[in-house]
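J.: First, the structure itself, so that you have it in front of you.
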Number of protein chains: 2
Amino acid sequence: MISWPELKTLRASWKKRVIVVIDACLEELYGKSLAHELQAELIAIPAKKNQETADLLLRALFEKKCGRDTVLIAVGGGTTTDLVGFVASIYLRGIDLVLVPTTLLGVVDAAIGGKNGIDTPFGKNLLGTFYPPLAVCIHLPFLNTLSEQERFNGQAEILKLGLVYDASLWNDPSCIERAVRGKQEIVERDPKEKGLRRILNFGHTIAHGLERVSEYEMAHGLAVAIGCVAEAHLSSQLGYLSDFAPIEKVYRKFSLRLPKQYSRSGLIEAMAHDKKKEQGKLRFVLIDQIGRAAAFDGAYCRAVTQEELEPTLDWMEAFFGQN
Amino acid sequence: MISWPELKTLRASWKKRVIVVIDACLEELYGKSLAHELQAELIAIPAKKNQETADLLLRALFEKKCGRDTVLIAVGGGTTTDLVGFVASIYLRGIDLVLVPTTLLGVVDAAIGGKNGIDTPFGKNLLGTFYPPLAVCIHLPFLNTLSEQERFNGQAEILKLGLVYDASLWNDPSCIERAVRGKQEIVERDPKEKGLRRILNFGHTIAHGLERVSEYEMAHGLAVAIGCVAEAHLSSQLGYLSDFAPIEKVYRKFSLRLPKQYSRSGLIEAMAHDKKKEQGKLRFVLIDQIGRAAAFDGAYCRAVTQEELEPTLDWMEAFFGQN
């Protein structure tokens, strides 16, 4: 984690070709000045993390004849840092990468932990690698221009981290540094998601399903918020969590609705693509108290049958209603 | 490195979904029996390592709803093991992989060392990752059906290893086990190609250029053989290698010709895509005796100007002539 001045110092030490890859929406606002301050070339890409955008960036790098002595600096939200991270990891079998997240979600989640990914017609983040960047530069002034929805996308992930790992974040989700440190601790202990890191997936089995059902119209933060409270309900329903009421109370404050395309069978079908699945069975991360995921002998997730899931889906449909 | 019976034992220990991905040319000969012996599903793919084949394999995996608990067993030449390795490394951020090379080139080179890659319209192997397989299974009976050209593709790499690393291989290139061990030693000492591993690139700066000039009609082994003797000439020309004559003599035995599309300017343009390039300058691996690459303080390559290269290209054009 480095600051903006530290990134400039780092850049001055490189005898390399440096390319800022920026979300096209930010190009006008920041593009030229960033490229100037970092003595870099500039490539703007659409904020869509799919094969098409990856091909576009790869082609630009090939056409510029970028060699292995190239550093990509990704500037944008999680969509941009995820896509540029993936491209950096496969271009000439990997070139140097620095991430500069410009959204709260990017700062507390997407840019931390070395995961990248792009979406495919079959689902979100289905192609990707583990590819740690040289550095992540956090520059909070970027966050000043965020919309309320963008801010909520990040807050939903901070609340999630509060539920599975650090109760103090649950009580005060405004502490960005603590959220970053929390996620870093987890990924350092389990970089390849063999166990502990799975807790970061809390709420996401249902969230990814909802996003898929909504044909990706639904904002990630809204889906994660619904997913977290629903999976907390599931934790309680299955007897791991004794007190669900305070969690329900917090999420009631947000005016969350299921997407208009929602149907129970659609969600169940959509969740079948979950990456935690094993031997055809869905697995969920569960919590046994606020601030702690249930360990399940180090697996940090548990197979859940459709029968076990039904009461939670009943509750979820009643609690949120549909758009 | 494991044997065929060991692979079957290993397979029996997995509680995973196993998919044999086989070169379509081998499907009739081996497909059904391998899938049966390994209790696996079968996917056949064309022997073309490009984005199109990668997409085809990815789509097949998505359509089969393969989860992270899937093992891909790649059966084929370097083209197939490279492509399947790349796909395994990006599918759901990486699934288990076993390589079963069926060509001499695959056995002594492509399958060893964790590199994979696919070609792009901009050049060979330009997209890829470092992704070590769980195991490489070497089953020499597969090599019995190889054509003379296929065999030569492997022999050219063994001779190269003889020139840069192990003079005994230069004297007796028939020892497959020794060639495999030699490459393994090198990649274990430098898995990410930061220094020593570059010696495996000897001959390949020119070889990749020739292949590109020929629009990839030229067999890899022929290009590597020409590249090796030419880069040995360059080593001698630049004063590192004192005795070039015995090397020239060996390669004279093979009836090698430059591709019909060859032109000097075309080769120079094609070499500009070389991945070893730094700050716009071509770099070559050079040898200072048979069996030893020049160390250049651990860089194992040296920038070479076009002027320095010209006498070698003069020699090469005279020595080989054109198809």
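If you're wondering about the labels, chains in the structure tokens are A, B, ... by order shown, residues count from 1 in each chain, ligands from 1 in order shown.
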Taking only C-alpha atoms into account, which residues of chain A are within 10 Å of chain B, as JSON, numbers by chain?

T.: {"A": [15, 16, 17, 58, 59, 62, 63, 65, 66, 67, 68, 69, 70, 86, 87, 88, 89, 90, 91, 92, 93, 94, 115, 116, 117, 118, 120, 121, 122, 123, 124, 125, 126, 127, 128, 129, 130, 131, 192, 272, 273, 274, 275, 276, 277, 278, 279, 280]}

J.: Give me, as a list in words, all polymer residues having an atom no more than 6 Å from segment 216-230 of chain A, counting only C-alpha atoms and skipping those fewer than 3 positions away in the same chain.

T.: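 Contacts, in chain order: Phe152, Asn153, Ala156, Gly203, His204, Ile206, Ala207, Glu211, Arg212 and His233 of chain A.
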
J.: Kindly indicate which residue among B:Asp82, B:Glu215, B:Asp109, B:Asp243 lies nearest to Gly182 of chain B, using only C-alpha atoms for the distances.

T.: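 Using only C-alpha atoms, the shortest distance to Gly182 of chain B belongs to B:Asp109.
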
J.: Any idea what the distance is between atom CA of Gln155 of chain B and atom CA of Val108 of chain B?

T.: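 So the two atoms, atom CA of Gln155 of chain B and atom CA of Val108 of chain B, lie 8.9 Å apart.
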
J.: Quick one: distance from atom CA of Leu267 of chain A to atom CA of Glu307 of chain A in Å, one decimal?

T.: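 Separating atom CA of Leu267 of chain A from atom CA of Glu307 of chain A is a distance of 14.4 Å.
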